[in-house]
Amino acid sequence: MFPNRESSTGPGHRRFRLGGLAVLLLGAGGTATAAAPVSGSVVRDLYYGETLFHFYQDEHFDALTHLLVARDSGRVGNHEAESELLLGGLYLHYGQHVRAEQIFSRLLQDSSEPMVRNRAWFYLGKVRYQRSLHAEALDAFDRVSGDLPAGLAAELPMLKAQAYMALGRFDAAVTLLDGWQGPEGWVAYARYNLGVALARLDRTEEAISQLDRLGRSPAATAELRDLRDKANLALGYIWLQQGRDSESRPVLSRVRLNGPFSAKALLGAGWADAATQDYRAALTPWLELRERDMLDSAVQESLLAIPYAWAKLDAHSEAAAGYQAALAAYDAEIARLDVAIAGSRSGQLVPAMLSADDARIGRWYWQLEELPDSVENRYLYDLVARHGFQEGLRNVRDLAALSANLDEWQSKLATFEEMVNTRRMAYGQREGRVAAGLDQAGIDGLQARRDALAAHLERVAQSRDVVGLATTEELDRWQRIEALGASPALKSEAAGDAGERYRLLKGVLAWDMDRDYQYRLWQQKRNLAQIDALLAKARSAHASGTAARQETPAGLDHFSARIASLGPRISRMQAALARDRSREEQRLQAMAIEALGEQRARLLSYRVQAQFALATIYDRAAAAARTAPAAEDAR
Amino acid sequence: MNRQNLNLCCTAILLGGALLARAAGAGELVAAAAVPVAAVAGVDTEMQALKDEVLDLNRELFMLEEELLFPANTQVAVFVSMDVGEFFALDSVQLKIDDKPISNYLYTERELQALLRGGVHRLYLGNLKTGEHELTAIFTGQGPHARDYRRGATLKVEKGVGAKFVELRISDRQSAQQPEFVVREWE
């Protein structure tokens with residue numbers, strides 16, 4: 001595992017490969033299965049779907065926030081168990097193990113649905129596994145019975161095997177992995193782990209068989225090619241260890257020259273040749289290594305191996321020169337390391353590492369893949385690739401992102417406060433007008449008029465009073481005819497046929513009104529119903545207006561109180577975030593300084609070996625020089 | 001320098017493999033830290049508690065913002081969802097309420113994938129007076145045979161006192177081999 005120094009993605013930054021199986025495993029399995037809801041399930045709550053929209057884009061903080069709000073507002077009632085599982089998964093991958101475990105345990109208590117229970121046991125196991133509670137993790141994994149979504153079903157045996165291996169139960173891991181038929185992408189990792197477990201059980205031949213099979217298999221992706229190289233490297237060294245040097249050499253040759261394991265393979269290949277006393281052949285891979293970057297321990301070791309081979313070939317002056325070159329190289333590297341250690345103590349190490357990071361990118365499976373060029377970083381690729389350091393970096397990044405998020409809220413809060421004040425002012429300005437409007441609405445007066453109309457209609461209907469529904473014109477005529485009828489002149493003889501005409505006119509008018517009576521009665525009843533509806537609306541508007549008038553000040557006060565209480569909370573949280581961030585940065589810095597110190601110690605040890613070997617060569621040369629004149633004198 | 005050195009190297013490689021295999025979760029990292037394990041565990045617990053508090057605060061702030069800016073009695077939210085998507089590749093959605101454009105959203109590939117996997121996009125969140133309103137959505141993209149495709153869908157909605165949720169759903173009508181655009185109200 002070391003940085004790939006061939007590729008550079010831009011000025012000032014280097015891309016490196018996290019060439020570890022951990023990373024490979026995460027890449028292969030984690031993303032596809034992490035707390036993912038069952039694919040294809042129908043969304044029955046829009047807000048649950050909205051959470052998924054963020055989740056599927058790896059916007060996990062947004063997904064978590066939306067889900068928390070939706071659950072709080074009762075908007076995901078149709079996805080109770082699923083949203084609970086998703087929430088647990090989101091917490092789990094946000095590093096909130098305690099919360100995640102609470103949720104999965106609660107689900108197991110509450111749900112009797114096998115699918116939900118199985119997934120809950122699975123995730124509970126994963127929580128425990130991530131907390132290194134391997135025995136407890138296995139206990140949870142063993143409770144999964146029956147169906148799991150395909151991705152989880154594939155991940156389960158791998159997690160179990162890794163838990164067994166972490167507990168040193170290599171036999172159980174072997175039992176689980178041997179003959180396991182998983183999805184294509186997982187089989188290579190399973191085989192590698194199986195090889196490792198068998199080697200740990202000293203079942204060397206079987207380990208060799210597994211690693212050899214993996215070492216010969218086609219590899220479609222860069223990750224699988226790295227894994228294949230790693231298998232070949234491990235196999236080559238096992239054979240070297242067993243003295244099977246001729247078998248080791250071709251296996252080590254299978255490791256790609258431009259892969260992350262090539263330096264160790266070249267070193268091993270040299271040792272395989274040296275083991276057969278072919279020191280000249282051994283020099284070929286070792287001299288190739290000498291040209292490479294001194295950061296790699298294999299390259300550092302090759303500086304000792306080369307003069308060792310020259311010495312074996314009796315080329316003592318080349319050997320002495322080689323050791324001297326090694327000493328110079330080690331000294332130069334130690335001096336650079338000292339500068340790096342001093343630089344790391346400055347407190348800027350972690351901020352500088354994250355300087356090019358985009359915090360908006362989703363957190364899950366985030367890993368730092370580029371390091372800005374600096375003396376310190378040059379030596380820290382190995383450390384940065386380690387899971388522990390990455391986890392620490394993630395924490396720093398999370399804390400920074402949360403702090404930025406709170407900064408945004410802080411400025412928004414000021415706007416909210418202004419908004420509430422503006423509303424309060426507007427309310428104050430309108431309150432008098434609104435109150436007058438409400439007081440003068442006169443709904444009761446309108447109601448009384450409506451009731452009088454209804455009573456009139458009732459009377460008309462009961463007595464079939466056709467005149468009661470007459471138009472203004474008809475009523476006018478009717479009243480005039482009635483007045484005529486009441487005149488004594490109409491009954492006098494001088495009136496002639498006027499009486500007859502009076503009756504005729506009255507009859508025609510009565511006939512007309514009677515003809516339209518039913519229609520008019522229906523029409524008036526309809527009008528009355530419309531008045532009722534309008535009055536109801538007016539009453540409702542009046543009631544809501546009155547309520548708003550009474551409630552608005554309280555509502556605004558409520559908002560003001562919430563804003564006032566949230567402001568100090570944000571400040572408190574910001575202080576806590578800054579404190580934890582600083583502590584985490586210091587922890588990472590300590591790790592970095594320790595790693596640099598280890599590298600320094602290794603170089604010092606090589607330096608001692610080189611000095612010792614050089615002294616031996618000089619001693620021999622001096623002894624030879626002493627012997628030669630003596631022999632000459634004797635002659 | 002001799003064969004004995006190889007033992008170390010070989011063990012390191014195998015051990016490395018085992019540890020790395022273990023590390024798929026979180027395992028050995030704590031041990032690699034420069035501070036004692038117990039101290040790290042304490043920090044982790046504290047860090048979790050702090051994150052939890054910040055998440056909780058964030059949730060409260062989120063709810064305050066929504067209640068303040070979009071009170072329930074005037075709130076209207078419009079969502080976009082997609083089912084299958086075989087006959088239509090969405091580019092953008094334009095939304096109008098009462099003929100007034102209120103949103104014009106262009107989707108990224110990442111967002112489209114999220115929609116196809118079952119995610120629902122909240123296209124618009126705003127306020128609307130009570131009463132009847134006409135909501136129009138215009139979908140633009142590529143239809144069958146990769147032809148440019150533009151379709152509209154309209155719905156009359158009655159905005160009452162509660163929040164109103166509207167879904168713009170794009171689905172495949174297998175029988176007609178055409179996409180289908182539906183606007184529907186949610187309770």
# chains A, B, ... in the order shown; residues from 1 in each chain; ligands from 1

call {"tool": "select_by_dssp", "arguments": {"residues": "stretch 39-170 of chain B", "states": "alpha helix (DSSP H)", "output": "PyMOL selection string"}}
result
chain B and resi 39-69+109-116

call {"tool": "write_last_selection", "arguments": {"atoms": "N, CA, C and O atoms", "output": "short mmCIF file (atom, residue, chain, number, x, y, z; two decimals), in the first residue's frame"}}
result
data_model
loop_
_atom_site.label_atom_id
_atom_site.label_comp_id
_atom_site.auth_asym_id
_atom_site.auth_seq_id
_atom_site.Cartn_x
_atom_site.Cartn_y
_atom_site.Cartn_z
N ALA B 39 -9.73 6.64 25.55
CA ALA B 39 -9.90 8.08 25.32
C ALA B 39 -10.59 8.32 24.00
O ALA B 39 -11.47 9.17 23.90
N VAL B 40 -10.21 7.54 22.98
CA VAL B 40 -10.84 7.70 21.67
C VAL B 40 -12.32 7.38 21.74
O VAL B 40 -13.16 8.08 21.19
N ALA B 41 -12.65 6.29 22.48
CA ALA B 41 -14.05 5.91 22.61
C ALA B 41 -14.84 7.04 23.26
O ALA B 41 -15.96 7.35 22.86
N GLY B 42 -14.24 7.69 24.27
CA GLY B 42 -14.90 8.81 24.93
C GLY B 42 -15.13 9.96 23.98
O GLY B 42 -16.22 10.54 23.95
N VAL B 43 -14.11 10.27 23.20
CA VAL B 43 -14.23 11.35 22.22
C VAL B 43 -15.32 11.02 21.22
O VAL B 43 -16.15 11.87 20.88
N ASP B 44 -15.34 9.75 20.79
CA ASP B 44 -16.34 9.34 19.80
C ASP B 44 -17.75 9.52 20.35
O ASP B 44 -18.63 10.03 19.67
N THR B 45 -17.96 9.10 21.59
CA THR B 45 -19.28 9.24 22.20
C THR B 45 -19.65 10.72 22.30
O THR B 45 -20.79 11.10 21.99
N GLU B 46 -18.69 11.54 22.68
CA GLU B 46 -18.95 12.97 22.81
C GLU B 46 -19.25 13.59 21.45
O GLU B 46 -20.16 14.40 21.31
N MET B 47 -18.49 13.13 20.47
CA MET B 47 -18.68 13.64 19.10
C MET B 47 -20.09 13.27 18.61
O MET B 47 -20.78 14.07 17.99
N GLN B 48 -20.50 12.02 18.89
CA GLN B 48 -21.85 11.59 18.49
C GLN B 48 -22.91 12.45 19.16
O GLN B 48 -23.88 12.87 18.52
N ALA B 49 -22.71 12.70 20.45
CA ALA B 49 -23.69 13.49 21.20
C ALA B 49 -23.77 14.90 20.62
O ALA B 49 -24.87 15.45 20.45
N LEU B 50 -22.62 15.45 20.27
CA LEU B 50 -22.60 16.81 19.72
C LEU B 50 -23.29 16.85 18.35
O LEU B 50 -24.14 17.71 18.09
N LYS B 51 -22.94 15.89 17.51
CA LYS B 51 -23.57 15.84 16.18
C LYS B 51 -25.08 15.70 16.31
O LYS B 51 -25.84 16.29 15.56
N ASP B 52 -25.48 14.87 17.26
CA ASP B 52 -26.90 14.65 17.49
C ASP B 52 -27.61 15.95 17.87
O ASP B 52 -28.68 16.26 17.36
N GLU B 53 -26.95 16.70 18.75
CA GLU B 53 -27.53 17.98 19.17
C GLU B 53 -27.62 18.95 18.00
O GLU B 53 -28.61 19.66 17.85
N VAL B 54 -26.58 18.96 17.18
CA VAL B 54 -26.59 19.88 16.03
C VAL B 54 -27.68 19.46 15.04
O VAL B 54 -28.40 20.29 14.48
N LEU B 55 -27.81 18.15 14.85
CA LEU B 55 -28.85 17.66 13.94
C LEU B 55 -30.23 18.07 14.44
O LEU B 55 -31.11 18.45 13.67
N ASP B 56 -30.41 17.96 15.74
CA ASP B 56 -31.68 18.32 16.35
C ASP B 56 -31.95 19.82 16.19
O ASP B 56 -33.06 20.23 15.84
N LEU B 57 -30.92 20.60 16.41
CA LEU B 57 -31.04 22.05 16.25
C LEU B 57 -31.36 22.39 14.79
O LEU B 57 -32.23 23.23 14.51
N ASN B 58 -30.69 21.70 13.89
CA ASN B 58 -30.92 21.91 12.47
C ASN B 58 -32.38 21.61 12.09
O ASN B 58 -33.01 22.33 11.33
N ARG B 59 -32.89 20.52 12.66
CA ARG B 59 -34.29 20.14 12.41
C ARG B 59 -35.23 21.25 12.90
O ARG B 59 -36.17 21.65 12.19
N GLU B 60 -34.96 21.76 14.09
CA GLU B 60 -35.82 22.82 14.64
C GLU B 60 -35.78 24.07 13.78
O GLU B 60 -36.81 24.71 13.53
N LEU B 61 -34.58 24.41 13.33
CA LEU B 61 -34.44 25.60 12.49
C LEU B 61 -35.17 25.42 11.16
O LEU B 61 -35.83 26.33 10.66
N PHE B 62 -35.08 24.23 10.63
CA PHE B 62 -35.75 23.89 9.38
C PHE B 62 -37.26 24.06 9.52
O PHE B 62 -37.94 24.62 8.66
N MET B 63 -37.79 23.58 10.64
CA MET B 63 -39.23 23.67 10.87
C MET B 63 -39.66 25.12 11.11
O MET B 63 -40.70 25.55 10.62
N LEU B 64 -38.83 25.85 11.83
CA LEU B 64 -39.14 27.27 12.06
C LEU B 64 -39.22 28.01 10.73
O LEU B 64 -40.16 28.77 10.49
N GLU B 65 -38.25 27.73 9.87
CA GLU B 65 -38.22 28.41 8.56
C GLU B 65 -39.50 28.11 7.77
O GLU B 65 -40.13 29.01 7.23
N GLU B 66 -39.87 26.84 7.75
CA GLU B 66 -41.06 26.46 6.98
C GLU B 66 -42.32 27.09 7.56
O GLU B 66 -43.16 27.61 6.83
N GLU B 67 -42.45 27.04 8.88
CA GLU B 67 -43.65 27.60 9.51
C GLU B 67 -43.74 29.10 9.33
O GLU B 67 -44.82 29.67 9.17
N LEU B 68 -42.57 29.74 9.33
CA LEU B 68 -42.56 31.20 9.22
C LEU B 68 -42.80 31.64 7.78
O LEU B 68 -43.58 32.57 7.52
N LEU B 69 -42.12 30.98 6.85
CA LEU B 69 -42.21 31.42 5.46
C LEU B 69 -43.41 30.82 4.73
O LEU B 69 -43.96 31.44 3.82
N GLU B 109 -28.33 14.79 -14.50
CA GLU B 109 -28.38 13.34 -14.67
C GLU B 109 -28.53 12.65 -13.31
O GLU B 109 -29.27 11.69 -13.16
N ARG B 110 -27.81 13.18 -12.34
CA ARG B 110 -27.84 12.62 -10.98
C ARG B 110 -29.26 12.70 -10.39
O ARG B 110 -29.74 11.76 -9.77
N GLU B 111 -29.92 13.83 -10.63
CA GLU B 111 -31.28 13.99 -10.11
C GLU B 111 -32.25 13.06 -10.83
O GLU B 111 -33.14 12.49 -10.21
N LEU B 112 -32.01 12.89 -12.14
CA LEU B 112 -32.90 12.00 -12.90
C LEU B 112 -32.78 10.56 -12.38
O LEU B 112 -33.78 9.86 -12.24
N GLN B 113 -31.55 10.16 -12.11
CA GLN B 113 -31.35 8.81 -11.58
C GLN B 113 -32.07 8.65 -10.24
O GLN B 113 -32.67 7.62 -9.97
N ALA B 114 -31.98 9.70 -9.43
CA ALA B 114 -32.66 9.65 -8.12
C ALA B 114 -34.18 9.55 -8.31
O ALA B 114 -34.86 8.83 -7.59
N LEU B 115 -34.70 10.25 -9.31
CA LEU B 115 -36.15 10.18 -9.59
C LEU B 115 -36.52 8.77 -10.05
O LEU B 115 -37.53 8.21 -9.60
N LEU B 116 -35.69 8.22 -10.93
CA LEU B 116 -36.00 6.88 -11.47
C LEU B 116 -35.95 5.80 -10.40
O LEU B 116 -36.62 4.79 -10.50
#

call {"tool": "residues_around", "arguments": {"residues": "B:Phe79", "least_positions_apart": "2", "cutoff": "8 Å", "atoms": "only C-alpha atoms", "output": "PDB file with N, CA, C and O atoms, in the first residue's frame"}}
result
ATOM      1  N   LEU A  46     -45.311  11.639  -0.099  1.00  0.00           N
ATOM      2  CA  LEU A  46     -44.430  12.476  -0.916  1.00  0.00           C
ATOM      3  C   LEU A  46     -43.149  12.839  -0.181  1.00  0.00           C
ATOM      4  O   LEU A  46     -42.073  12.885  -0.765  1.00  0.00           O
TER       5      LEU A  46
ATOM      6  N   ALA B  77     -47.227  22.912  -1.958  1.00  0.00           N
ATOM      7  CA  ALA B  77     -45.974  22.246  -2.339  1.00  0.00           C
ATOM      8  C   ALA B  77     -46.242  21.400  -3.570  1.00  0.00           C
ATOM      9  O   ALA B  77     -47.242  20.688  -3.639  1.00  0.00           O
ATOM     10  N   SER B  81     -42.481  13.300  -9.624  1.00  0.00           N
ATOM     11  CA  SER B  81     -42.065  11.905  -9.465  1.00  0.00           C
ATOM     12  C   SER B  81     -42.057  11.227 -10.834  1.00  0.00           C
ATOM     13  O   SER B  81     -42.647  11.738 -11.788  1.00  0.00           O
ATOM     14  N   VAL B 120     -38.571  11.555  -4.937  1.00  0.00           N
ATOM     15  CA  VAL B 120     -39.582  12.546  -5.327  1.00  0.00           C
ATOM     16  C   VAL B 120     -38.984  13.938  -5.100  1.00  0.00           C
ATOM     17  O   VAL B 120     -38.508  14.232  -4.002  1.00  0.00           O
ATOM     18  N   HIS B 121     -38.997  14.737  -6.148  1.00  0.00           N
ATOM     19  CA  HIS B 121     -38.376  16.058  -6.051  1.00  0.00           C
ATOM     20  C   HIS B 121     -39.413  17.118  -5.677  1.00  0.00           C
ATOM     21  O   HIS B 121     -40.451  17.219  -6.340  1.00  0.00           O
ATOM     22  N   ARG B 122     -39.105  17.882  -4.629  1.00  0.00           N
ATOM     23  CA  ARG B 122     -40.009  18.987  -4.302  1.00  0.00           C
ATOM     24  C   ARG B 122     -39.628  20.163  -5.197  1.00  0.00           C
ATOM     25  O   ARG B 122     -38.631  20.832  -4.975  1.00  0.00           O
ATOM     26  N   LEU B 123     -40.459  20.368  -6.199  1.00  0.00           N
ATOM     27  CA  LEU B 123     -40.162  21.367  -7.227  1.00  0.00           C
ATOM     28  C   LEU B 123     -40.431  22.776  -6.726  1.00  0.00           C
ATOM     29  O   LEU B 123     -39.717  23.711  -7.073  1.00  0.00           O
ATOM     30  N   TYR B 124     -41.465  22.907  -5.930  1.00  0.00           N
ATOM     31  CA  TYR B 124     -41.869  24.250  -5.515  1.00  0.00           C
ATOM     32  C   TYR B 124     -42.511  24.203  -4.141  1.00  0.00           C
ATOM     33  O   TYR B 124     -43.291  23.315  -3.831  1.00  0.00           O
ATOM     34  N   PHE B 165     -50.841  19.778  -1.288  1.00  0.00           N
ATOM     35  CA  PHE B 165     -49.729  19.054  -1.917  1.00  0.00           C
ATOM     36  C   PHE B 165     -50.164  18.550  -3.284  1.00  0.00           C
ATOM     37  O   PHE B 165     -51.218  17.936  -3.422  1.00  0.00           O
ATOM     38  N   VAL B 166     -49.347  18.829  -4.282  1.00  0.00           N
ATOM     39  CA  VAL B 166     -49.677  18.416  -5.650  1.00  0.00           C
ATOM     40  C   VAL B 166     -48.510  17.603  -6.200  1.00  0.00           C
ATOM     41  O   VAL B 166     -47.344  17.966  -6.008  1.00  0.00           O
ATOM     42  N   GLU B 167     -48.823  16.510  -6.874  1.00  0.00           N
ATOM     43  CA  GLU B 167     -47.773  15.671  -7.459  1.00  0.00           C
ATOM     44  C   GLU B 167     -47.866  15.721  -8.982  1.00  0.00           C
ATOM     45  O   GLU B 167     -48.959  15.568  -9.549  1.00  0.00           O
ATOM     46  N   LEU B 168     -46.730  15.955  -9.614  1.00  0.00           N
ATOM     47  CA  LEU B 168     -46.652  15.868 -11.079  1.00  0.00           C
ATOM     48  C   LEU B 168     -45.992  14.523 -11.370  1.00  0.00           C
ATOM     49  O   LEU B 168     -44.815  14.338 -11.066  1.00  0.00           O
TER      50      LEU B 168
END

call {"tool": "residues_around", "arguments": {"residues": "stretch 540-550 of chain A", "least_positions_apart": "4", "cutoff": "12 Å", "atoms": "only C-alpha atoms", "output": "PyMOL selection string"}}
result
(chain A and resi 424+427-428+430-444+533-536+554-556) or (chain B and resi 73+130+161)

call {"tool": "closest_residue", "arguments": {"among": "B:Leu155, B:Val182, B:Leu106, B:Ala163", "to": "chain A", "atoms": "only C-alpha atoms"}}
result
B:Ala163

call {"tool": "atom_distance", "arguments": {"atom1": "atom CA of A:Ser111", "atom2": "atom CA of A:Ala81"}}
result
7.7 Å

call {"tool": "closest_residue", "arguments": {"among": "B:Gly160, B:Gly85, B:Gly126, B:Gly119", "to": "chain A", "atoms": "only C-alpha atoms"}}
result
B:Gly119

call {"tool": "closest_residue", "arguments": {"among": "B:Tyr149, B:Lys129, B:Glu134, B:Phe70", "to": "B:Glu180", "atoms": "only C-alpha atoms"}}
result
B:Tyr149

call {"tool": "residues_around", "arguments": {"residues": "A:Met294", "least_positions_apart": "6", "cutoff": "9 Å", "atoms": "only C-alpha atoms", "output": "PyMOL selection string"}}
result
chain A and resi 300+329-330+333

call {"tool": "residues_around", "arguments": {"residues": "A:Asp557", "least_positions_apart": "3", "cutoff": "12 Å", "atoms": "only C-alpha atoms", "output": "list in words"}}
result
Glu417, Val420, Asn421, Arg423, Arg424, Glu551, Thr552, Pro553, Ala554, Ser560, Ala561, Arg562, Ile563 and Ala564 of chain A

call {"tool": "residues_around", "arguments": {"residues": "stretch 276-285 of chain A", "least_positions_apart": "4", "cutoff": "6 Å", "atoms": "only C-alpha atoms", "output": "list in words"}}
result
Leu266, Gly270 and Ala309 of chain A

call {"tool": "atom_distance", "arguments": {"atom1": "atom CA of A:Val339", "atom2": "atom CA of A:Lys264"}}
result
27.0 Å

call {"tool": "residues_around", "arguments": {"residues": "stretch 246-256 of chain A", "least_positions_apart": "5", "cutoff": "12 Å", "atoms": "only C-alpha atoms", "output": "PyMOL selection string"}}
result
chain A and resi 208+211-217+222+225-241+261-278+281-282+285

call {"tool": "atom_distance", "arguments": {"atom1": "atom CA of A:Pro218", "atom2": "atom CA of A:Trp186"}}
result
13.9 Å

call {"tool": "closest_residue", "arguments": {"among": "A:Gln96, A:Thr627, A:Asn395, A:Gln589", "to": "A:Leu383", "atoms": "only C-alpha atoms"}}
result
A:Gln589

call {"tool": "closest_residue", "arguments": {"among": "B:Asp99, B:Arg117, B:Val93, B:Phe139", "to": "A:Val42", "atoms": "only C-alpha atoms"}}
result
B:Arg117

call {"tool": "closest_residue", "arguments": {"among": "B:Tyr105, B:Glu132, B:Arg169, B:Glu158", "to": "chain A", "atoms": "only C-alpha atoms"}}
result
B:Arg169
